[in-house]
Amino acid sequence: MIRTITRPSTSRCTLPMYIGFLLSEPNSVSCCRLGSLLNMSHDSVNRFLNRESYSPHDLFNEVKPGINLQGGTLSVDDSVLDKPYAHYIALLGHYWSGKHHAVVKGINLITLYYTDPHGQHQPVNFRVYDKADNKTKNDYFLDMLAEVLSWGLEPAFVTGDNWYSCVKNLKTIKNHQLGFLFALEANRLVSVEKGSWVQVQTLDIPKDGLVVWLRDFGQVKLFRTSLKNQVRHYIIHLPEENDSTDNNGLQLDAFKQNKFELLHDCHWQIEQYHRAIKQVCHIERFQVRGKVAVKNHIFAAICGYVKLQRMRATDVIKNCYQLQRNLFNEVVSAFITTLVPSISKNSISASADNMR
């Protein structure tokens with residue numbers, strides 16, 4: 001569970017209160033709004049957001065009891081929290097957005113997302129990109145990978161998109177005796193015949209993949225997918241049981257299309273996670289400015305997603321969207337049944353007046 005606070009509280013607002021607010025408030029996520037709902041000062045909410053510095057390890061401790069730490073798939077990806085009209089918020093920058101297909105203003109969130117062998121999935125580590133750290137997203141990824149491994153996570157595979165498929169990352173994962181699935185840029189060089197290097201986009205790749213030699217790395221299996229007229233390339237590396245290249249090649253040959261699709265589906269969970277934290281957990285919709293407050297809001301939003309995933313795992317809800325969708329059903333129904341007769345009566349009266 002999440003650790004207790006480090007010093008006596010001067011605020012009536014607590015983390016569970018703030019998480020509940022993020023999951024239930026349909027529109028206005030602000031300190032004033034929460035304060036008015038719970039009859040407390042908005043300063044109390046602001047003090048809560050500036051008081052603690054929750055860490056990624058706190059998140060891991062929160063999700064650890066509900067997942068199998070061994071044999072799952074660990075995915076890395078980042079997402080931009082849109083802040084197009086903000087000017088004085090900490091951690092703000094300009095980043096490429098896959099959603100907008102352009103560089104946008106916002107906050108960059110990098111996440112490690114874990115899917116265990118039983119299909120339970122949760123975020124296990126995260127970073128908020130901070131230019132003051134003088135690190136790249138790949139540096140953050142390697143730091144987070146080392147952390148989760150030291151915390152006791154034992155994944156079988158690591159997955160990611162082409163941004164994270166640099167040779168340094170691939171070799172680091174290999175050195176940890178882990179398999180991986182990563183997307184590749186179309187111009188990455190591979191060799192099918194010794195001494196001949198070609199771009200992956202020029203190859204004729206069968207459905208069950210093609211074993212190739214990736215430049216500066218080693219033997220991998222290459223797959224090609226096509227979705228919405230977008231061609232993508234992925235490479236598979238399997239954990240090596242010994243140093244025999246021939247034996248590893250035989251294992252790659254046995255890795256067929258169905259296994260690739262299962263692993264790719266596990267990676268897709270992180271895309272659904274990014275969508276849910278924005279649409280349901282209000283991770284983008286905050287009105288604080290300081291670095292500590294922004295990070296604590298982001299942490300609370302991620303914890304809100306963790307709560308929803310637990311409810312889904314225990315069949316309380318079917319998906320992350322159900323809780324908020326059903327929260328106001330009775331209020332909306334009562335409003336409609338009260339308003340419709342009044343509207344109908346006024347419409348009839350207006351029609352009669354017009355006929356006169």
# chains A, B, ... in the order shown; residues from 1 in each chain; ligands from 1

$ closest_atom_pairs --of "segment 103-166 of chain A" --to "segment 171-184 of chain A" --cutoff "12 Å" --atoms "only C-alpha atoms" --output "JSON lines"
{"residue": "A:Asn138", "atom": "CA", "partner": "A:Thr172", "partner_atom": "CA", "distance": 11.4}
{"residue": "A:Asp139", "atom": "CA", "partner": "A:Thr172", "partner_atom": "CA", "distance": 11.7}
{"residue": "A:Phe141", "atom": "CA", "partner": "A:Thr172", "partner_atom": "CA", "distance": 10.9}
{"residue": "A:Leu142", "atom": "CA", "partner": "A:Thr172", "partner_atom": "CA", "distance": 8.1}
{"residue": "A:Asp143", "atom": "CA", "partner": "A:Thr172", "partner_atom": "CA", "distance": 11.1}
{"residue": "A:Leu145", "atom": "CA", "partner": "A:Ile173", "partner_atom": "CA", "distance": 8.8}
{"residue": "A:Ala146", "atom": "CA", "partner": "A:His176", "partner_atom": "CA", "distance": 9.5}
{"residue": "A:Leu149", "atom": "CA", "partner": "A:His176", "partner_atom": "CA", "distance": 9.2}
{"residue": "A:Ser150", "atom": "CA", "partner": "A:His176", "partner_atom": "CA", "distance": 11.5}
{"residue": "A:Leu153", "atom": "CA", "partner": "A:Leu178", "partner_atom": "CA", "distance": 11.9}
{"residue": "A:Glu154", "atom": "CA", "partner": "A:Leu178", "partner_atom": "CA", "distance": 9.0}
{"residue": "A:Pro155", "atom": "CA", "partner": "A:Leu178", "partner_atom": "CA", "distance": 7.4}
{"residue": "A:Ala156", "atom": "CA", "partner": "A:Leu178", "partner_atom": "CA", "distance": 5.7}
{"residue": "A:Phe157", "atom": "CA", "partner": "A:Gly179", "partner_atom": "CA", "distance": 4.5}
{"residue": "A:Val158", "atom": "CA", "partner": "A:Phe180", "partner_atom": "CA", "distance": 4.6}
{"residue": "A:Thr159", "atom": "CA", "partner": "A:Leu181", "partner_atom": "CA", "distance": 4.7}
{"residue": "A:Gly160", "atom": "CA", "partner": "A:Phe182", "partner_atom": "CA", "distance": 4.9}
{"residue": "A:Asp161", "atom": "CA", "partner": "A:Ala183", "partner_atom": "CA", "distance": 4.7}
{"residue": "A:Asn162", "atom": "CA", "partner": "A:Ala183", "partner_atom": "CA", "distance": 4.5}
{"residue": "A:Trp163", "atom": "CA", "partner": "A:Ala183", "partner_atom": "CA", "distance": 8.1}
{"residue": "A:Tyr164", "atom": "CA", "partner": "A:Phe182", "partner_atom": "CA", "distance": 7.6}
{"residue": "A:Ser165", "atom": "CA", "partner": "A:Phe182", "partner_atom": "CA", "distance": 5.9}
{"residue": "A:Cys166", "atom": "CA", "partner": "A:Lys171", "partner_atom": "CA", "distance": 8.8}

$ closest_atom_pairs --of "segment 228-323 of chain A" --to "segment 40-47 of chain A" --cutoff "12 Å" --atoms "only C-alpha atoms" --output "tab-separated table"
residue	atom	partner	partner_atom	distance
A:Phe286	CA	A:Asn46	CA	11.4
A:Gln287	CA	A:Asn46	CA	10.1
A:Val288	CA	A:Asn46	CA	8.0
A:Arg289	CA	A:Asn46	CA	10.5
A:Gly290	CA	A:Asn46	CA	10.3
A:Val292	CA	A:Arg47	CA	10.7
A:Ala293	CA	A:Asn46	CA	7.8
A:Val294	CA	A:Asn46	CA	10.8
A:Asn296	CA	A:Asn46	CA	10.7
A:His297	CA	A:Asn46	CA	10.5

$ write_last_selection --atoms "all heavy atoms" --output "short mmCIF file (atom, residue, chain, number, x, y, z; two decimals), in the first residue's frame"
data_model
loop_
_atom_site.label_atom_id
_atom_site.label_comp_id
_atom_site.auth_asym_id
_atom_site.auth_seq_id
_atom_site.Cartn_x
_atom_site.Cartn_y
_atom_site.Cartn_z
N PHE A 286 -5.67 19.77 -14.76
CA PHE A 286 -5.33 20.29 -13.44
C PHE A 286 -5.07 21.78 -13.56
O PHE A 286 -4.79 22.29 -14.65
CB PHE A 286 -4.11 19.56 -12.87
CG PHE A 286 -2.88 19.65 -13.74
CD1 PHE A 286 -2.02 20.73 -13.66
CD2 PHE A 286 -2.59 18.63 -14.64
CE1 PHE A 286 -0.90 20.82 -14.47
CE2 PHE A 286 -1.45 18.71 -15.45
CZ PHE A 286 -0.61 19.80 -15.36
N GLN A 287 -5.15 22.48 -12.42
CA GLN A 287 -4.98 23.93 -12.43
C GLN A 287 -3.96 24.36 -11.37
O GLN A 287 -4.12 25.41 -10.74
CB GLN A 287 -6.34 24.62 -12.21
CG GLN A 287 -7.33 24.31 -13.33
CD GLN A 287 -8.65 25.04 -13.16
OE1 GLN A 287 -8.71 26.07 -12.51
NE2 GLN A 287 -9.70 24.50 -13.75
N VAL A 288 -2.93 23.54 -11.17
CA VAL A 288 -1.82 23.93 -10.29
C VAL A 288 -0.60 24.16 -11.17
O VAL A 288 -0.55 23.72 -12.31
CB VAL A 288 -1.53 22.83 -9.25
CG1 VAL A 288 -2.66 22.77 -8.21
CG2 VAL A 288 -1.33 21.46 -9.91
N ARG A 289 0.40 24.84 -10.61
CA ARG A 289 1.54 25.26 -11.43
C ARG A 289 2.88 24.72 -10.97
O ARG A 289 3.77 24.50 -11.78
CB ARG A 289 1.60 26.78 -11.46
CG ARG A 289 0.43 27.44 -12.15
CD ARG A 289 0.58 28.95 -12.17
NE ARG A 289 -0.50 29.60 -12.92
CZ ARG A 289 -0.62 30.90 -13.06
NH1 ARG A 289 0.26 31.72 -12.51
NH2 ARG A 289 -1.63 31.40 -13.76
N GLY A 290 3.05 24.52 -9.66
CA GLY A 290 4.35 24.10 -9.14
C GLY A 290 4.71 22.68 -9.52
O GLY A 290 3.85 21.83 -9.75
N VAL A 292 6.09 20.19 -7.74
CA VAL A 292 5.64 19.17 -6.80
C VAL A 292 4.15 18.92 -6.93
O VAL A 292 3.69 17.76 -6.97
CB VAL A 292 5.99 19.58 -5.35
CG1 VAL A 292 5.37 18.60 -4.34
CG2 VAL A 292 7.51 19.63 -5.16
N ALA A 293 3.36 19.98 -7.03
CA ALA A 293 1.91 19.83 -7.13
C ALA A 293 1.52 19.11 -8.42
O ALA A 293 0.63 18.26 -8.44
CB ALA A 293 1.24 21.20 -7.06
N VAL A 294 2.18 19.46 -9.54
CA VAL A 294 1.88 18.81 -10.81
C VAL A 294 2.19 17.32 -10.74
O VAL A 294 1.39 16.46 -11.16
CB VAL A 294 2.67 19.47 -11.96
CG1 VAL A 294 2.56 18.65 -13.24
CG2 VAL A 294 2.16 20.89 -12.20
N ASN A 296 2.35 15.41 -8.07
CA ASN A 296 1.42 14.73 -7.17
C ASN A 296 0.05 14.53 -7.81
O ASN A 296 -0.61 13.52 -7.59
CB ASN A 296 1.29 15.51 -5.86
CG ASN A 296 2.47 15.29 -4.94
OD1 ASN A 296 3.16 14.27 -5.03
ND2 ASN A 296 2.73 16.24 -4.06
N HIS A 297 -0.38 15.50 -8.61
CA HIS A 297 -1.63 15.33 -9.35
C HIS A 297 -1.51 14.16 -10.32
O HIS A 297 -2.42 13.32 -10.42
CB HIS A 297 -2.00 16.59 -10.11
CG HIS A 297 -3.08 16.38 -11.13
ND1 HIS A 297 -4.43 16.42 -10.81
CD2 HIS A 297 -3.00 16.08 -12.46
CE1 HIS A 297 -5.13 16.16 -11.90
NE2 HIS A 297 -4.30 15.96 -12.90
#

$ residues_around --residues "segment 61-73 of chain A" --least-positions-apart "3" --cutoff "10 Å" --atoms "only C-alpha atoms" --output "ChimeraX atom specification"
/A:1-3,56-58,113-124,149,151-159,179-181,263-264,266-267,303,306-307,309-310,313

$ select_by_dssp --residues "segment 226-317 of chain A" --states "strand (DSSP E)" --output "list of chain:residue names"
A:Ser226, A:Leu227, A:Gln230, A:Val231, A:Arg232, A:His233, A:Tyr234, A:Ile235, A:Ile236, A:His237

$ atom_distance --atom1 "atom CA of Leu210 of chain A" --atom2 "atom CA of Leu170 of chain A"
18.5 Å

$ closest_residue --among "A:Val200, A:Lys131, A:Arg215, A:Gly106" --to "Val231 of chain A" --atoms "only C-alpha atoms"
A:Val200

$ atom_distance --atom1 "atom CA of Ser24 of chain A" --atom2 "atom CA of Cys281 of chain A"
8.7 Å

$ atom_distance --atom1 "atom CA of Leu92 of chain A" --atom2 "atom CA of Gln279 of chain A"
20.3 Å

$ residues_around --residues "Met311 of chain A" --least-positions-apart "3" --cutoff "12 Å" --atoms "only C-alpha atoms" --output "ChimeraX atom specification"
/A:66,120,304-308,314-323

$ write_last_selection --atoms "all heavy atoms" --output "compact mmCIF listing (two decimals), in the first residue's frame"
# COMPACT_ATOMS: atom_id res chain seq x y z
N GLY A 66 -1.40 -7.08 -6.48
CA GLY A 66 -2.44 -7.54 -7.38
C GLY A 66 -1.96 -8.15 -8.68
O GLY A 66 -2.77 -8.48 -9.55
N GLN A 120 -3.66 -9.72 -15.98
CA GLN A 120 -3.80 -8.51 -15.17
C GLN A 120 -2.71 -7.52 -15.57
O GLN A 120 -1.56 -7.90 -15.80
CB GLN A 120 -3.67 -8.84 -13.67
CG GLN A 120 -4.70 -9.84 -13.17
CD GLN A 120 -6.13 -9.36 -13.40
OE1 GLN A 120 -6.42 -8.17 -13.27
NE2 GLN A 120 -7.00 -10.29 -13.76
N GLY A 304 -5.63 6.52 -9.51
CA GLY A 304 -7.04 6.36 -9.83
C GLY A 304 -7.24 5.26 -10.87
O GLY A 304 -8.16 4.44 -10.76
N TYR A 305 -6.37 5.23 -11.87
CA TYR A 305 -6.44 4.16 -12.86
C TYR A 305 -6.19 2.80 -12.22
O TYR A 305 -6.86 1.82 -12.55
CB TYR A 305 -5.40 4.42 -13.96
CG TYR A 305 -5.32 3.32 -14.98
CD1 TYR A 305 -6.19 3.29 -16.08
CD2 TYR A 305 -4.39 2.29 -14.87
CE1 TYR A 305 -6.12 2.28 -17.02
CE2 TYR A 305 -4.31 1.27 -15.80
CZ TYR A 305 -5.18 1.27 -16.87
OH TYR A 305 -5.12 0.26 -17.79
N VAL A 306 -5.24 2.74 -11.29
CA VAL A 306 -4.95 1.48 -10.59
C VAL A 306 -6.20 0.99 -9.85
O VAL A 306 -6.53 -0.21 -9.87
CB VAL A 306 -3.78 1.67 -9.61
CG1 VAL A 306 -3.61 0.45 -8.70
CG2 VAL A 306 -2.49 1.94 -10.37
N LYS A 307 -6.91 1.91 -9.20
CA LYS A 307 -8.15 1.53 -8.50
C LYS A 307 -9.18 0.97 -9.48
O LYS A 307 -9.85 -0.03 -9.19
CB LYS A 307 -8.73 2.76 -7.78
CG LYS A 307 -7.83 3.41 -6.76
CD LYS A 307 -7.56 2.52 -5.57
CE LYS A 307 -6.73 3.26 -4.52
NZ LYS A 307 -6.36 2.39 -3.38
N LEU A 308 -9.33 1.61 -10.63
CA LEU A 308 -10.28 1.13 -11.63
C LEU A 308 -9.90 -0.25 -12.13
O LEU A 308 -10.76 -1.12 -12.33
CB LEU A 308 -10.34 2.11 -12.79
CG LEU A 308 -10.95 3.49 -12.49
CD1 LEU A 308 -10.82 4.40 -13.72
CD2 LEU A 308 -12.41 3.37 -12.08
N THR A 314 -11.89 -7.58 -10.19
CA THR A 314 -12.80 -8.25 -9.27
C THR A 314 -14.25 -8.21 -9.75
O THR A 314 -15.18 -8.47 -8.99
CB THR A 314 -12.71 -7.61 -7.87
OG1 THR A 314 -12.92 -6.19 -7.98
CG2 THR A 314 -11.34 -7.87 -7.26
N ASP A 315 -14.44 -7.84 -11.03
CA ASP A 315 -15.76 -7.84 -11.69
C ASP A 315 -16.75 -6.84 -11.09
O ASP A 315 -17.96 -7.00 -11.24
CB ASP A 315 -16.38 -9.25 -11.66
CG ASP A 315 -15.59 -10.24 -12.50
OD1 ASP A 315 -15.04 -9.81 -13.53
OD2 ASP A 315 -15.50 -11.42 -12.12
N VAL A 316 -16.24 -5.82 -10.39
CA VAL A 316 -17.12 -4.76 -9.91
C VAL A 316 -17.57 -3.90 -11.09
O VAL A 316 -18.73 -3.46 -11.17
CB VAL A 316 -16.40 -3.88 -8.86
CG1 VAL A 316 -17.29 -2.71 -8.43
CG2 VAL A 316 -16.03 -4.73 -7.65
N ILE A 317 -16.66 -3.68 -12.02
CA ILE A 317 -16.98 -2.99 -13.27
C ILE A 317 -16.41 -3.81 -14.43
O ILE A 317 -15.51 -4.63 -14.24
CB ILE A 317 -16.40 -1.55 -13.31
CG1 ILE A 317 -14.88 -1.58 -13.09
CG2 ILE A 317 -17.09 -0.66 -12.30
CD1 ILE A 317 -14.21 -0.22 -13.18
N LYS A 318 -16.95 -3.59 -15.62
CA LYS A 318 -16.49 -4.34 -16.79
C LYS A 318 -15.30 -3.67 -17.47
O LYS A 318 -14.47 -4.34 -18.07
CB LYS A 318 -17.63 -4.49 -17.80
CG LYS A 318 -18.76 -5.39 -17.31
CD LYS A 318 -19.83 -5.53 -18.38
CE LYS A 318 -20.95 -6.44 -17.90
NZ LYS A 318 -22.02 -6.60 -18.93
N ASN A 319 -15.21 -2.35 -17.36
CA ASN A 319 -14.10 -1.62 -17.96
C ASN A 319 -13.90 -0.31 -17.22
O ASN A 319 -14.73 0.08 -16.38
CB ASN A 319 -14.33 -1.38 -19.46
CG ASN A 319 -15.62 -0.65 -19.73
OD1 ASN A 319 -15.80 0.50 -19.33
ND2 ASN A 319 -16.55 -1.32 -20.41
N CYS A 320 -12.83 0.39 -17.55
CA CYS A 320 -12.48 1.61 -16.83
C CYS A 320 -13.47 2.75 -17.03
O CYS A 320 -13.50 3.69 -16.24
CB CYS A 320 -11.09 2.08 -17.27
SG CYS A 320 -9.75 1.01 -16.74
N TYR A 321 -14.28 2.68 -18.06
CA TYR A 321 -15.19 3.77 -18.37
C TYR A 321 -16.56 3.61 -17.70
O TYR A 321 -17.34 4.55 -17.64
CB TYR A 321 -15.39 3.85 -19.88
CG TYR A 321 -14.10 4.11 -20.62
CD1 TYR A 321 -13.29 3.06 -21.03
CD2 TYR A 321 -13.68 5.41 -20.89
CE1 TYR A 321 -12.09 3.29 -21.71
CE2 TYR A 321 -12.49 5.65 -21.56
CZ TYR A 321 -11.70 4.57 -21.96
OH TYR A 321 -10.52 4.82 -22.61
N GLN A 322 -16.85 2.42 -17.19
CA GLN A 322 -18.19 2.14 -16.69
C GLN A 322 -18.54 2.94 -15.44
O GLN A 322 -19.66 3.43 -15.30
CB GLN A 322 -18.34 0.64 -16.40
CG GLN A 322 -19.75 0.25 -15.95
CD GLN A 322 -19.86 -1.25 -15.69
OE1 GLN A 322 -18.96 -2.02 -16.00
NE2 GLN A 322 -20.98 -1.65 -15.10
N LEU A 323 -17.59 3.09 -14.53
CA LEU A 323 -17.87 3.76 -13.26
C LEU A 323 -18.35 5.19 -13.48
O LEU A 323 -19.41 5.58 -12.99
CB LEU A 323 -16.62 3.76 -12.38
CG LEU A 323 -16.76 4.44 -11.01
CD1 LEU A 323 -17.72 3.65 -10.12
CD2 LEU A 323 -15.41 4.59 -10.33

$ closest_residue --among "A:Ala90, A:Leu34, A:Leu59, A:Ala186" --to "Lys295 of chain A" --atoms "only C-alpha atoms"
A:Ala90

$ select_by_dssp --residues "segment 169-245 of chain A" --states "helix (DSSP H, G or I)" --output "PyMOL selection string"
chain A and resi 169-175+200-202+245

$ write_last_selection --atoms "C-alpha atoms" --output "compact mmCIF listing (two decimals), in the first residue's frame"
# COMPACT_ATOMS: atom_id res chain seq x y z
CA ASN A 169 18.47 -0.22 -25.20
CA LEU A 170 18.31 -3.54 -27.04
CA LYS A 171 21.70 -4.65 -25.76
CA THR A 172 20.83 -3.65 -22.20
CA ILE A 173 17.65 -5.74 -22.32
CA LYS A 174 19.58 -8.65 -23.81
CA ASN A 175 22.18 -8.41 -21.04
CA VAL A 200 13.84 -3.50 -43.68
CA GLN A 201 11.28 -1.77 -45.90
CA THR A 202 12.83 -3.38 -49.00
CA THR A 245 23.63 -18.71 -32.15

$ residues_around --residues "Gly209 of chain A" --least-positions-apart "3" --cutoff "8 Å" --atoms "only C-alpha atoms" --output "PDB file with N, CA, C and O atoms, in the first residue's frame"
ATOM      1  N   ILE A 205       8.851 -10.007 -46.566  1.00  0.00           N
ATOM      2  CA  ILE A 205       8.762 -10.669 -45.261  1.00  0.00           C
ATOM      3  C   ILE A 205       7.537 -11.571 -45.229  1.00  0.00           C
ATOM      4  O   ILE A 205       6.412 -11.081 -45.386  1.00  0.00           O
ATOM      5  N   PRO A 206       7.718 -12.864 -45.032  1.00  0.00           N
ATOM      6  CA  PRO A 206       6.561 -13.766 -44.956  1.00  0.00           C
ATOM      7  C   PRO A 206       5.730 -13.508 -43.707  1.00  0.00           C
ATOM      8  O   PRO A 206       6.163 -12.816 -42.772  1.00  0.00           O
ATOM      9  N   LYS A 221      14.145 -11.759 -35.218  1.00  0.00           N
ATOM     10  CA  LYS A 221      13.131 -12.141 -36.199  1.00  0.00           C
ATOM     11  C   LYS A 221      12.294 -10.915 -36.522  1.00  0.00           C
ATOM     12  O   LYS A 221      11.823 -10.206 -35.631  1.00  0.00           O
ATOM     13  N   LEU A 222      12.106 -10.685 -37.819  1.00  0.00           N
ATOM     14  CA  LEU A 222      11.450  -9.486 -38.310  1.00  0.00           C
ATOM     15  C   LEU A 222      10.028  -9.793 -38.763  1.00  0.00           C
ATOM     16  O   LEU A 222       9.797 -10.759 -39.497  1.00  0.00           O
ATOM     17  N   PHE A 223       9.073  -8.969 -38.295  1.00  0.00           N
ATOM     18  CA  PHE A 223       7.670  -9.093 -38.696  1.00  0.00           C
ATOM     19  C   PHE A 223       7.210  -7.776 -39.308  1.00  0.00           C
ATOM     20  O   PHE A 223       7.724  -6.704 -38.970  1.00  0.00           O
ATOM     21  N   ARG A 224       6.227  -7.890 -40.179  1.00  0.00           N
ATOM     22  CA  ARG A 224       5.629  -6.695 -40.789  1.00  0.00           C
ATOM     23  C   ARG A 224       4.124  -6.721 -40.565  1.00  0.00           C
ATOM     24  O   ARG A 224       3.486  -7.756 -40.725  1.00  0.00           O
ATOM     25  N   LYS A 256       6.158 -18.099 -34.308  1.00  0.00           N
ATOM     26  CA  LYS A 256       5.291 -17.855 -35.456  1.00  0.00           C
ATOM     27  C   LYS A 256       4.411 -16.616 -35.263  1.00  0.00           C
ATOM     28  O   LYS A 256       4.451 -15.950 -34.229  1.00  0.00           O
ATOM     29  N   GLN A 257       3.570 -16.366 -36.271  1.00  0.00           N
ATOM     30  CA  GLN A 257       2.697 -15.199 -36.303  1.00  0.00           C
ATOM     31  C   GLN A 257       1.777 -15.123 -35.095  1.00  0.00           C
ATOM     32  O   GLN A 257       1.569 -14.050 -34.528  1.00  0.00           O
TER      33      GLN A 257
END

$ closest_residue --among "A:Ile19, A:Cys13, A:Val331, A:Val211" --to "Ala301 of chain A" --atoms "only C-alpha atoms"
A:Ile19

$ residues_around --residues "Glu25 of chain A" --least-positions-apart "4" --cutoff "9 Å" --atoms "only C-alpha atoms" --output "MDAnalysis selection string"
chainID A and resid 20:21 29 34 282 324

$ write_last_selection --atoms "C-alpha atoms" --output "short mmCIF file (atom, residue, chain, number, x, y, z; two decimals), in the first residue's frame"
data_model
loop_
_atom_site.label_atom_id
_atom_site.label_comp_id
_atom_site.auth_asym_id
_atom_site.auth_seq_id
_atom_site.Cartn_x
_atom_site.Cartn_y
_atom_site.Cartn_z
CA GLY A 20 -12.10 9.86 -5.62
CA PHE A 21 -12.56 13.41 -6.87
CA VAL A 29 -10.86 19.58 -11.81
CA LEU A 34 -13.04 19.89 -4.56
CA HIS A 282 -8.40 13.69 -15.64
CA GLN A 324 -17.98 7.37 -14.46
#
